[in-house]
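File shown here: run-v3.cif, holding mmCIF, C-alpha atoms.
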data_start
loop_
_atom_site.group_PDB
_atom_site.id
_atom_site.type_symbol
_atom_site.label_atom_id
_atom_site.label_comp_id
_atom_site.auth_asym_id
_atom_site.auth_seq_id
_atom_site.Cartn_x
_atom_site.Cartn_y
_atom_site.Cartn_z
ATOM 1 C CA MET A 649 -5.189 2.259 -19.448
ATOM 2 C CA GLY A 650 -7.283 1.387 -16.438
ATOM 3 C CA LEU A 651 -9.115 -1.689 -15.369
ATOM 4 C CA PRO A 652 -12.813 -1.362 -14.641
ATOM 5 C CA VAL A 653 -13.889 -1.012 -11.034
ATOM 6 C CA LYS A 654 -14.675 -4.438 -9.620
ATOM 7 C CA GLU A 655 -16.626 -5.499 -6.567
ATOM 8 C CA GLN A 656 -14.494 -7.359 -4.021
ATOM 9 C CA SER A 657 -15.433 -9.205 -0.860
ATOM 10 C CA SER A 658 -13.698 -8.223 2.351
ATOM 11 C CA ALA A 659 -11.537 -9.910 4.930
ATOM 12 C CA ALA A 660 -13.084 -10.669 8.308
ATOM 13 C CA GLU A 661 -11.187 -7.923 10.133
ATOM 14 C CA ALA A 662 -11.851 -5.213 7.571
ATOM 15 C CA PRO A 663 -14.253 -2.483 8.702
ATOM 16 C CA VAL A 664 -16.533 -2.598 5.641
ATOM 17 C CA SER A 665 -18.143 -5.630 4.032
ATOM 18 C CA GLN A 666 -17.391 -4.671 0.424
ATOM 19 C CA SER A 667 -15.104 -2.293 -1.402
ATOM 20 C CA GLN A 668 -13.974 -1.417 -4.890
ATOM 21 C CA TYR A 669 -10.622 -0.735 -6.386
ATOM 22 C CA SER A 670 -9.478 0.501 -9.716
ATOM 23 C CA HIS A 671 -6.131 0.909 -11.395
ATOM 24 C CA SER A 672 -5.684 4.376 -12.799
ATOM 25 C CA THR A 673 -2.185 3.964 -14.157
ATOM 26 C CA SER A 674 -0.495 1.021 -15.762
ATOM 27 C CA ASN A 675 3.119 1.893 -15.051
ATOM 28 C CA GLY A 676 3.048 4.442 -12.225
ATOM 29 C CA ASN A 677 4.632 7.201 -14.287
ATOM 30 C CA LEU A 678 3.915 10.785 -13.366
ATOM 31 C CA PRO A 679 2.438 13.105 -15.985
ATOM 32 C CA ALA A 680 4.792 15.422 -17.896
ATOM 33 C CA SER A 681 4.169 18.187 -15.357
ATOM 34 C CA GLY A 682 5.983 16.074 -12.748
ATOM 35 C CA PHE A 683 3.022 16.256 -10.384
ATOM 36 C CA PRO A 684 0.651 13.376 -9.777
ATOM 37 C CA SER A 685 -2.720 14.064 -11.343
ATOM 38 C CA GLY A 686 -4.438 11.641 -9.014
ATOM 39 C CA PRO A 687 -4.935 11.193 -5.299
ATOM 40 C CA SER A 688 -3.342 13.078 -2.437
ATOM 41 C CA HIS A 689 -2.840 9.848 -0.454
ATOM 42 C CA VAL A 690 -0.328 6.985 -0.316
ATOM 43 C CA PHE A 691 -1.231 3.635 1.312
ATOM 44 C CA VAL A 692 1.696 2.053 3.221
ATOM 45 C CA TYR A 693 1.620 -1.451 4.665
ATOM 46 C CA GLY A 694 5.100 -2.879 5.315
ATOM 47 C CA ASN A 695 8.370 -1.546 6.673
ATOM 48 C CA SER A 696 7.230 1.998 5.797
ATOM 49 C CA ARG A 697 4.306 2.007 8.238
ATOM 50 C CA PRO A 698 4.564 4.815 10.813
ATOM 51 C CA ASP A 699 4.100 2.329 13.697
ATOM 52 C CA ILE A 700 7.213 0.323 12.721
ATOM 53 C CA PRO A 701 10.223 1.026 14.984
ATOM 54 C CA GLY A 702 12.580 3.452 13.264
ATOM 55 C CA ASN A 703 9.822 5.302 11.406
ATOM 56 C CA GLU A 704 9.243 7.960 14.049
ATOM 57 C CA HIS A 705 9.902 10.615 11.377
ATOM 58 C CA LEU A 706 6.589 9.615 9.728
ATOM 59 C CA ARG A 707 4.471 10.151 12.824
ATOM 60 C CA PRO A 708 3.925 13.908 12.324
ATOM 61 C CA VAL A 709 2.540 13.262 8.815
ATOM 62 C CA ASP A 710 -1.254 13.188 8.525
ATOM 63 C CA ARG A 711 -2.048 9.472 8.574
ATOM 64 C CA ASN A 712 -4.978 7.171 9.314
ATOM 65 C CA ARG A 713 -5.332 3.438 9.831
ATOM 66 C CA ALA A 714 -6.820 1.880 6.714
ATOM 67 C CA TRP A 715 -7.509 -1.335 4.801
ATOM 68 C CA LEU A 716 -7.013 -2.288 1.198
ATOM 69 C CA LEU A 717 -9.851 -4.720 0.523
ATOM 70 C CA GLY A 718 -9.412 -7.327 -2.187
ATOM 71 C CA GLY A 719 -5.615 -7.424 -1.903
ATOM 72 C CA ARG A 720 -3.303 -9.789 -0.027
ATOM 73 C CA LEU A 721 -0.036 -9.143 1.796
ATOM 74 C CA TYR A 722 3.008 -11.348 1.235
ATOM 75 C CA SER A 723 6.522 -11.468 2.638
ATOM 76 C CA PHE A 724 9.670 -12.007 0.562
ATOM 77 C CA GLN A 725 13.439 -11.705 1.024
ATOM 78 C CA ARG A 726 15.572 -9.272 -0.982
ATOM 79 C CA GLN A 727 19.224 -8.549 -0.177
ATOM 80 C CA GLY A 728 18.830 -10.171 3.232
ATOM 81 C CA ILE A 729 15.887 -7.951 4.199
ATOM 82 C CA GLN A 730 12.372 -9.208 4.794
ATOM 83 C CA ARG A 731 10.056 -7.092 2.631
ATOM 84 C CA ALA A 732 6.322 -6.734 2.165
ATOM 85 C CA ALA A 733 4.417 -6.831 -1.109
ATOM 86 C CA VAL A 734 0.746 -6.469 -1.897
ATOM 87 C CA ARG A 735 -0.833 -8.520 -4.623
ATOM 88 C CA LEU A 736 -4.055 -6.984 -5.925
ATOM 89 C CA GLU A 737 -7.123 -8.907 -7.089
ATOM 90 C CA GLU A 738 -7.241 -11.347 -4.164
ATOM 91 C CA PRO A 739 -10.954 -11.423 -3.219
ATOM 92 C CA GLY A 740 -11.727 -12.285 0.393
ATOM 93 C CA HIS A 741 -8.498 -10.770 1.724
ATOM 94 C CA ALA A 742 -7.490 -7.374 3.080
ATOM 95 C CA VAL A 743 -4.240 -5.557 3.849
ATOM 96 C CA PHE A 744 -3.915 -3.409 6.962
ATOM 97 C CA GLY A 745 -1.826 -0.262 6.762
ATOM 98 C CA TYR A 746 -1.931 3.502 6.925
ATOM 99 C CA VAL A 747 -3.030 6.123 4.456
ATOM 100 C CA MET A 748 -0.541 8.985 4.423
ATOM 101 C CA SER A 749 -2.006 12.263 3.189
ATOM 102 C CA ALA A 750 -0.507 15.394 1.680
ATOM 103 C CA ASN A 751 -2.004 18.856 1.305
ATOM 104 C CA SER A 752 -0.662 19.627 -2.159
ATOM 105 C CA PRO A 753 0.557 17.990 -5.374
ATOM 106 C CA SER A 754 4.149 18.765 -4.367
ATOM 107 C CA GLY A 755 3.507 17.103 -0.990
ATOM 108 C CA VAL A 756 2.263 13.950 -2.713
ATOM 109 C CA GLU A 757 5.278 14.007 -5.022
ATOM 110 C CA ARG A 758 7.601 14.224 -1.978
ATOM 111 C CA LEU A 759 5.817 11.298 -0.274
ATOM 112 C CA LEU A 760 6.086 9.165 -3.425
ATOM 113 C CA ASP A 761 9.764 10.073 -3.876
ATOM 114 C CA ASP A 762 10.526 9.249 -0.225
ATOM 115 C CA PHE A 763 8.803 5.863 -0.388
ATOM 116 C CA GLU A 764 10.506 4.961 -3.661
ATOM 117 C CA ARG A 765 13.906 5.807 -2.168
ATOM 118 C CA GLN A 766 13.292 3.982 1.113
ATOM 119 C CA GLU A 767 11.373 0.831 0.276
ATOM 120 C CA PHE A 768 9.355 0.682 -2.914
ATOM 121 C CA SER A 769 12.011 0.700 -5.622
ATOM 122 C CA ARG A 770 10.720 0.788 -9.179
ATOM 123 C CA ASP A 771 12.536 -2.441 -10.069
ATOM 124 C CA LEU A 772 10.495 -4.348 -7.455
ATOM 125 C CA TYR A 773 7.093 -2.639 -7.370
ATOM 126 C CA GLU A 774 4.450 -1.120 -9.583
ATOM 127 C CA ARG A 775 2.477 1.917 -8.457
ATOM 128 C CA ASP A 776 -1.258 2.211 -9.081
ATOM 129 C CA VAL A 777 -4.302 3.898 -7.614
ATOM 130 C CA VAL A 778 -6.704 1.853 -5.496
ATOM 131 C CA GLU A 779 -9.596 2.533 -3.185
ATOM 132 C CA ILE A 780 -8.809 2.085 0.486
ATOM 133 C CA THR A 781 -11.153 2.204 3.468
ATOM 134 C CA THR A 782 -10.178 4.129 6.605
ATOM 135 C CA GLU A 783 -11.101 3.071 10.122
ATOM 136 C CA ARG A 784 -13.792 5.810 10.013
ATOM 137 C CA GLY A 785 -15.347 4.101 6.976
ATOM 138 C CA GLU A 786 -14.179 6.700 4.456
ATOM 139 C CA ARG A 787 -13.301 5.418 1.004
ATOM 140 C CA LEU A 788 -10.317 7.198 -0.498
ATOM 141 C CA GLN A 789 -8.409 6.917 -3.744
ATOM 142 C CA SER A 790 -4.787 6.255 -2.839
ATOM 143 C CA TYR A 791 -1.504 5.345 -4.473
ATOM 144 C CA VAL A 792 -0.258 1.881 -3.539
ATOM 145 C CA TYR A 793 2.914 0.033 -4.400
ATOM 146 C CA HIS A 794 2.230 -3.576 -5.334
ATOM 147 C CA ARG A 795 3.969 -6.555 -6.849
ATOM 148 C CA PRO A 796 1.837 -8.724 -9.147
ATOM 149 C CA ASP A 797 4.595 -11.343 -9.481
ATOM 150 C CA VAL A 798 5.280 -11.791 -5.751
ATOM 151 C CA ASP A 799 5.962 -15.341 -4.576
ATOM 152 C CA GLN A 800 2.646 -16.404 -3.039
ATOM 153 C CA SER A 801 4.159 -19.012 -0.708
ATOM 154 C CA ASN A 802 4.530 -16.556 2.217
ATOM 155 C CA PRO A 803 1.194 -14.842 2.938
ATOM 156 C CA VAL A 804 1.174 -12.563 5.980
ATOM 157 C CA PRO A 805 -1.470 -13.518 8.579
ATOM 158 C CA ARG A 806 -4.457 -11.177 8.762
ATOM 159 C CA GLY A 807 -2.795 -8.877 6.210
ATOM 160 C CA ASP A 808 -0.917 -7.122 9.044
ATOM 161 C CA TRP A 809 2.854 -6.762 8.634
ATOM 162 C CA LEU A 810 3.332 -6.832 12.422
ATOM 163 C CA GLN A 811 1.747 -10.326 12.485
ATOM 164 C CA ARG A 812 4.262 -11.879 10.069
ATOM 165 C CA PRO A 813 6.554 -14.672 11.168
ATOM 166 C CA LEU A 814 10.072 -13.271 11.491
ATOM 167 C CA GLN A 815 12.620 -15.030 9.281
#
Structure rendered as structure tokens:
Amino acid sequence: MGLPVKEQSSAAEAPVSQSQYSHSTSNGNLPASGFPSGPSHVFVYGNSRPDIPGNEHLRPVDRNRAWLLGGRLYSFQRQGIQRAAVRLEEPGHAVFGYVMSANSPSGVERLLDDFERQEFSRDLYERDVVEITTERGERLQSYVYHRPDVDQSNPVPRGDWLQRPLQ
């Protein structure tokens, strides 16, 4: 069950004035084949970004700077670790991150498995498909991990995980 595509306004630092997003899955489950039937991209925005120290192994992967328009980035603590969470449907805000791309369905499946093992556990996040905008202005359908129930008391400035106050 998907939500209809909605127009969203952008954040001031986002490269495009308007964007759309749409959910294509309600629970993030893969089809029976085991392969995603959707995009070949994953949008990362928190501790999984390739420019975060310790993530040098992600640098060879095809990636581009990108924005999720109409979402907002929050910080929360879990098991003593400061974590990032996107909340969708926040008009006027944007989240900065990277779109990681794969060349095949099995490549996308590996990316999703890696991110779920490393940061985006299924008990904390939901996975859906959204439209992101790259720094070149391309609009791409991408998987994103988000948390609709995130505590909204700790928004991250400018939607950039590297701009968060360290706790």
Check which residues satisfy the PyMOL selection byres ((chain A and resi 795) around 9) in the file shown, then give them as a VMD selection string. chain A and resid 733 to 736 772 to 775 793 to 794 796 to 798
Within 8 Å of Glu738 (chain A), counting only C-alpha atoms, which residues qualify if same-chain residues fewer than 5 places away don't, as a PyMOL selection string? chain A and resi 718-720
Name the residues captured by the PyMOL selection byres ((chain A and resi 715) around 7) when it is applied to the shown file; answer as number ranges by chain. A: 662, 714, 716-717, 742-745, 780-782
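Among the candidates A:Pro813, A:Arg697, A:Asp808, A:Met748, the one nearest to Gln789 (chain A) when counting only C-alpha atoms is A:Met748.
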Output of the PyMOL selection byres ((chain A and resi 811) around 12), listed as a ChimeraX atom specification: /A:693-694,700,721-723,732,743-744,803-810,812-814
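Of the listed residues (A:Gln800, A:Arg713, A:Val792, A:Ser688), A:Val792 comes nearest to Phe763 (chain A); the distances count all atoms listed in the file.
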